[in-house]
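Below: query.pdb (PDB, C-alpha atoms, pLDDT in the B column)
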ATOM      1  CA  MET W   1      52.767   7.317  25.460  1.00 69.00           C
ATOM      2  CA  ALA W   2      50.236   6.362  22.785  1.00 70.00           C
ATOM      3  CA  THR W   3      51.435   5.893  19.224  1.00 88.00           C
ATOM      4  CA  ILE W   4      49.717   5.794  15.848  1.00 93.00           C
ATOM      5  CA  ALA W   5      49.764   1.976  16.077  1.00 92.00           C
ATOM      6  CA  ASP W   6      47.556   2.137  19.192  1.00 93.00           C
ATOM      7  CA  GLU W   7      44.712   3.544  17.102  1.00 94.00           C
ATOM      8  CA  LYS W   8      41.922   1.261  15.900  1.00 92.00           C
ATOM      9  CA  TYR W   9      41.586   3.112  12.593  1.00 93.00           C
ATOM     10  CA  VAL W  10      43.727   5.530  10.643  1.00 96.00           C
ATOM     11  CA  ALA W  11      42.994   7.609   7.590  1.00 97.00           C
ATOM     12  CA  LEU W  12      45.432   6.347   4.952  1.00 98.00           C
ATOM     13  CA  THR W  13      46.312   8.809   2.210  1.00 98.00           C
ATOM     14  CA  THR W  14      47.883   7.468  -0.971  1.00 98.00           C
ATOM     15  CA  TYR W  15      48.854   9.191  -4.212  1.00 97.00           C
ATOM     16  CA  LYS W  16      47.312   8.703  -7.644  1.00 96.00           C
ATOM     17  CA  LYS W  17      49.387   8.803 -10.838  1.00 94.00           C
ATOM     18  CA  ASP W  18      48.315  12.412 -11.452  1.00 96.00           C
ATOM     19  CA  GLY W  19      49.607  13.427  -7.991  1.00 95.00           C
ATOM     20  CA  SER W  20      46.201  13.870  -6.402  1.00 97.00           C
ATOM     21  CA  THR W  21      45.461  12.041  -3.176  1.00 97.00           C
ATOM     22  CA  LYS W  22      42.930   9.466  -2.036  1.00 97.00           C
ATOM     23  CA  THR W  23      42.164   8.961   1.663  1.00 97.00           C
ATOM     24  CA  LEU W  24      40.320   6.044   3.222  1.00 95.00           C
ATOM     25  CA  PRO W  25      40.165   4.316   6.618  1.00 95.00           C
ATOM     26  CA  VAL W  26      42.187   1.195   7.412  1.00 94.00           C
ATOM     27  CA  TRP W  27      43.019  -0.837  10.495  1.00 90.00           C
ATOM     28  CA  ILE W  28      46.534  -0.380  11.805  1.00 93.00           C
ATOM     29  CA  ALA W  29      48.863  -2.728  13.665  1.00 93.00           C
ATOM     30  CA  ASP W  30      52.335  -2.287  15.111  1.00 93.00           C
ATOM     31  CA  PHE W  31      54.924  -4.390  13.246  1.00 92.00           C
ATOM     32  CA  GLY W  32      57.859  -3.207  15.365  1.00 91.00           C
ATOM     33  CA  ASP W  33      61.048  -1.363  14.402  1.00 91.00           C
ATOM     34  CA  GLY W  34      59.171   1.783  13.328  1.00 92.00           C
ATOM     35  CA  GLN W  35      56.828  -0.129  11.035  1.00 95.00           C
ATOM     36  CA  VAL W  36      53.028  -0.282  11.079  1.00 96.00           C
ATOM     37  CA  GLY W  37      50.515  -1.604   8.591  1.00 94.00           C
ATOM     38  CA  PHE W  38      47.452  -3.544   7.648  1.00 93.00           C
ATOM     39  CA  THR W  39      46.199  -6.338   5.408  1.00 90.00           C
ATOM     40  CA  THR W  40      44.092  -5.824   2.328  1.00 89.00           C
ATOM     41  CA  SER W  41      43.178  -7.233  -1.050  1.00 85.00           C
ATOM     42  CA  SER W  42      45.890  -7.336  -3.706  1.00 87.00           C
ATOM     43  CA  SER W  43      43.247  -6.195  -6.183  1.00 85.00           C
ATOM     44  CA  SER W  44      42.435  -3.009  -4.236  1.00 88.00           C
ATOM     45  CA  TYR W  45      43.112   0.428  -5.669  1.00 93.00           C
ATOM     46  CA  LYS W  46      45.186   1.365  -2.616  1.00 95.00           C
ATOM     47  CA  VAL W  47      47.624  -1.436  -3.480  1.00 95.00           C
ATOM     48  CA  THR W  48      47.827  -0.180  -7.064  1.00 95.00           C
ATOM     49  CA  ARG W  49      48.473   3.369  -5.852  1.00 97.00           C
ATOM     50  CA  ILE W  50      51.146   2.227  -3.347  1.00 97.00           C
ATOM     51  CA  ASN W  51      52.876   0.187  -6.045  1.00 96.00           C
ATOM     52  CA  ASN W  52      52.989   3.336  -8.211  1.00 96.00           C
ATOM     53  CA  ASP W  53      54.028   5.749  -5.427  1.00 97.00           C
ATOM     54  CA  SER W  54      55.117   4.433  -2.029  1.00 97.00           C
ATOM     55  CA  ARG W  55      54.580   7.694  -0.127  1.00 98.00           C
ATOM     56  CA  VAL W  56      51.720   7.594   2.390  1.00 98.00           C
ATOM     57  CA  ILE W  57      50.253   9.715   5.139  1.00 98.00           C
ATOM     58  CA  ILE W  58      48.379   8.217   8.092  1.00 97.00           C
ATOM     59  CA  GLN W  59      46.398   9.994  10.788  1.00 97.00           C
ATOM     60  CA  PRO W  60      44.113   8.758  13.589  1.00 96.00           C
ATOM     61  CA  SER W  61      40.508   8.545  12.397  1.00 96.00           C
ATOM     62  CA  ASP W  62      37.147   6.940  12.994  1.00 95.00           C
ATOM     63  CA  SER W  63      35.841   3.961  11.022  1.00 92.00           C
ATOM     64  CA  ARG W  64      34.703   6.273   8.219  1.00 94.00           C
ATOM     65  CA  GLY W  65      38.093   7.920   7.816  1.00 94.00           C
ATOM     66  CA  THR W  66      37.153  11.190   9.513  1.00 95.00           C
ATOM     67  CA  VAL W  67      40.374  12.450  11.050  1.00 96.00           C
ATOM     68  CA  LYS W  68      40.298  12.876  14.830  1.00 95.00           C
ATOM     69  CA  ASP W  69      40.613  16.403  16.170  1.00 95.00           C
ATOM     70  CA  ALA W  70      43.947  17.503  17.653  1.00 93.00           C
ATOM     71  CA  THR W  71      45.940  14.763  15.895  1.00 94.00           C
ATOM     72  CA  GLU W  72      48.895  15.111  13.593  1.00 93.00           C
ATOM     73  CA  PRO W  73      49.537  13.305  10.303  1.00 95.00           C
ATOM     74  CA  VAL W  74      52.436  10.853  10.142  1.00 96.00           C
ATOM     75  CA  THR W  75      54.290  10.265   6.893  1.00 97.00           C
ATOM     76  CA  GLY W  76      55.998   7.124   5.711  1.00 97.00           C
ATOM     77  CA  MET W  77      56.882   4.836   2.853  1.00 98.00           C
ATOM     78  CA  ALA W  78      54.718   1.789   2.129  1.00 98.00           C
ATOM     79  CA  VAL W  79      55.542  -1.528   0.528  1.00 97.00           C
ATOM     80  CA  VAL W  80      53.179  -4.365  -0.372  1.00 97.00           C
ATOM     81  CA  LYS W  81      54.153  -7.810   0.939  1.00 95.00           C
ATOM     82  CA  THR W  82      52.706 -10.874  -0.799  1.00 91.00           C
ATOM     83  CA  GLY W  83      52.629 -14.635  -0.284  1.00 86.00           C
ATOM     84  CA  VAL W  84      54.667 -16.042   2.593  1.00 88.00           C
ATOM     85  CA  ASP W  85      56.202 -12.595   3.163  1.00 87.00           C
ATOM     86  CA  SER W  86      52.785 -11.288   4.240  1.00 87.00           C
ATOM     87  CA  ASP W  87      52.034 -14.056   6.779  1.00 86.00           C
ATOM     88  CA  TYR W  88      53.954 -12.505   9.694  1.00 89.00           C
ATOM     89  CA  TYR W  89      52.223  -9.164   9.202  1.00 88.00           C
ATOM     90  CA  ALA W  90      48.801 -10.803   8.912  1.00 85.00           C
ATOM     91  CA  SER W  91      49.423 -12.562  12.237  1.00 84.00           C
ATOM     92  CA  MET W  92      50.124  -9.201  13.892  1.00 84.00           C
ATOM     93  CA  VAL W  93      46.890  -7.711  12.539  1.00 83.00           C
ATOM     94  CA  LYS W  94      44.986 -10.820  13.663  1.00 83.00           C
ATOM     95  CA  LYS W  95      46.534 -10.534  17.133  1.00 83.00           C
ATOM     96  CA  LYS W  96      45.260  -6.960  17.506  1.00 77.00           C
ATOM     97  CA  TYR W  97      41.796  -7.346  15.941  1.00 77.00           C
ATOM     98  CA  GLY W  98      40.933 -10.976  16.835  1.00 67.00           C
ATOM     99  CA  ALA W  99      37.447 -12.074  15.807  1.00 64.00           C
ATOM    100  CA  GLN W 100      36.932  -8.950  13.692  1.00 64.00           C
ATOM    101  CA  TYR W 101      39.930  -9.943  11.588  1.00 58.00           C
ATOM    102  CA  GLY W 102      38.560 -13.473  11.175  1.00 57.00           C
ATOM    103  CA  ALA W 103      35.201 -12.115  10.033  1.00 58.00           C
ATOM    104  CA  ILE W 104      36.828  -9.841   7.460  1.00 63.00           C
ATOM    105  CA  LYS W 105      38.979 -12.709   6.162  1.00 60.00           C
ATOM    106  CA  LEU W 106      35.861 -14.867   5.700  1.00 59.00           C
ATOM    107  CA  LEU W 107      34.019 -12.071   3.940  1.00 56.00           C
ATOM    108  CA  GLY W 108      37.029 -11.522   1.665  1.00 57.00           C
ATOM    109  CA  LYS W 109      37.151 -15.215   0.757  1.00 61.00           C
ATOM    110  CA  ALA W 110      33.422 -15.236   0.001  1.00 55.00           C
ATOM    111  CA  MET W 111      33.781 -12.167  -2.209  1.00 57.00           C
ATOM    112  CA  SER W 112      36.700 -13.723  -4.102  1.00 61.00           C
ATOM    113  CA  PHE W 113      34.579 -16.795  -4.848  1.00 57.00           C
ATOM    114  CA  ILE W 114      32.033 -14.613  -6.641  1.00 60.00           C
ATOM    115  CA  GLY W 115      34.703 -12.686  -8.539  1.00 56.00           C
ATOM    116  CA  ARG W 116      34.744  -9.616  -6.312  1.00 56.00           C
ATOM    117  CA  GLY W 117      38.328  -9.038  -5.229  1.00 54.00           C
ATOM    118  CA  SER W 118      41.009 -11.306  -3.889  1.00 51.00           C
ATOM    119  CA  GLY W 119      40.318 -11.270  -0.153  1.00 60.00           C
ATOM    120  CA  SER W 120      42.867 -10.025   2.394  1.00 71.00           C
ATOM    121  CA  ASP W 121      45.813 -11.641   0.695  1.00 83.00           C
ATOM    122  CA  VAL W 122      48.558  -9.009   1.085  1.00 90.00           C
ATOM    123  CA  ALA W 123      50.060  -6.870   3.823  1.00 90.00           C
ATOM    124  CA  VAL W 124      50.969  -3.228   3.484  1.00 95.00           C
ATOM    125  CA  VAL W 125      54.002  -2.352   5.603  1.00 96.00           C
ATOM    126  CA  ILE W 126      54.609   1.323   6.327  1.00 97.00           C
ATOM    127  CA  THR W 127      58.011   2.471   7.532  1.00 96.00           C
ATOM    128  CA  LEU W 128      57.337   5.666   9.442  1.00 95.00           C
ATOM    129  CA  ASP W 129      59.477   8.768   8.818  1.00 91.00           C
TER     130      ASP W 129
END

Structure re-expressed in structure tokens:
Amino acid sequence: MATIADEKYVALTTYKKDGSTKTLPVWIADFGDGQVGFTTSSSSYKVTRINNDSRVIIQPSDSRGTVKDATEPVTGMAVVKTGVDSDYYASMVKKKYGAQYGAIKLLGKAMSFIGRGSGSDVAVVITLD
């Protein structure tokens, strides 16, 4: 049976301080024990929103975040892992996405050199409800 972690992309919904939501596409990897997640930049707004409110909703989507028909949303609680704590999770994302992950990491490093973000330096771990 396919699970949310089998998807290439999911629409991630996070909550702003005012309670409104923001949805955007992210990669998703299976971290085991009912946990899924992705890597991202510690300077991203999604990390800020998750640090303020750990509730998230994920749903299968395309690369633009358009939710796939006949799919159901999955709720969970997210936590941001930094430093050495994020390495295991990054290895799981790399295992699933291979060369694509490497390309994104390189792009993130290049952007951080010109003052645009911090690269993919954290992992977001979602414990599914």

For the provided coordinates, the residues matched by the PyMOL selection byres ((chain W and resi 22-27) around 8) should be stated as a ChimeraX atom specification. /W:8-16,20-21,28-29,37-38,61-65

Evaluate the PyMOL selection byres ((chain W and resi 121) around 8) here and jot the selected residues down as a list of chain:residue names.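 Written out, the selection comes to W:Thr39, W:Thr40, W:Ser41, W:Ser42, W:Thr82, W:Gly83, W:Ser86, W:Ser118, W:Gly119, W:Ser120, W:Val122, W:Ala123.
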
Distance of atom CA of W:Asp33 from atom CA of W:Asp87, expressed in Å to one decimal place: 17.3 Å

Using only C-alpha atoms, which of the listed residues (W:Val67, W:Val79, W:Ser91, W:Ile126) sits closest to W:Val47?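 Ranking W:Val67, W:Val79, W:Ser91, W:Ile126 by distance to W:Val47, first place goes to W:Val79.
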
Coordinates-based distance that separates atom CA of W:Ala2 from atom CA of W:Thr127 (Å, one decimal):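 Answer for the atom CA of W:Thr127 to atom CA of W:Ala2 separation: 17.6 Å.
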
Atom CA of W:Arg55 and atom CA of W:Ala5, how far apart in Å? 17.8 Å

Hey, what's within 7 Å of W:Ser54 if we count all atoms listed in the file and toss same-chain stuff fewer than 3 positions away? As a list in words, please?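 Returned residues: Ile50, Asn51, Met77, Ala78 and Val79 of chain W.
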
Edge lengths and centre, in Å to one decimal, as lines of an AutoDock Vina configuration file: that's what I need for the box along x, y and z that holds all listed atoms of stretch 81-98 of chain W plus 6 Å on each side.
center_x = 48.6
center_y = -11.5
center_z = 8.4
size_x = 27.3
size_y = 21.1
size_z = 30.3

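Shortest separation to W:Val93 among W:Gly34, W:Tyr45, W:Val125, W:Pro60 occurs at residue W:Val125, atoms counted being only C-alpha atoms.
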
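Among the candidate residues W:Asp30, W:Asp6, W:Leu128, W:Arg49, the one lying nearest to W:Val74 is W:Leu128, with distances computed using all atoms listed in the file.
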
Of the listed residues W:Val36, W:Ala70, W:Thr3, W:Asp18, that which approaches W:Ala90 most closely, counting all atoms listed in the file: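 Closest residue, counting all atoms listed in the file: W:Val36.
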
Between W:Lys46, W:Tyr97, W:Val124, W:Thr71, which is the closest to W:Asp85 once you count only C-alpha atoms? W:Val124

Counting all atoms listed in the file, which residue out of W:Phe31, W:Val56, W:Lys17, W:Lys96 sits closest to W:Gly76?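 The shortest atom-to-atom distance to W:Gly76 comes from W:Val56.
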
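Every polymer residue reaching to within 6 Å of (47.3, 15.4, 9.5), counting only C-alpha atoms, appears in this list: Gln59, Glu72 and Pro73 of chain W.
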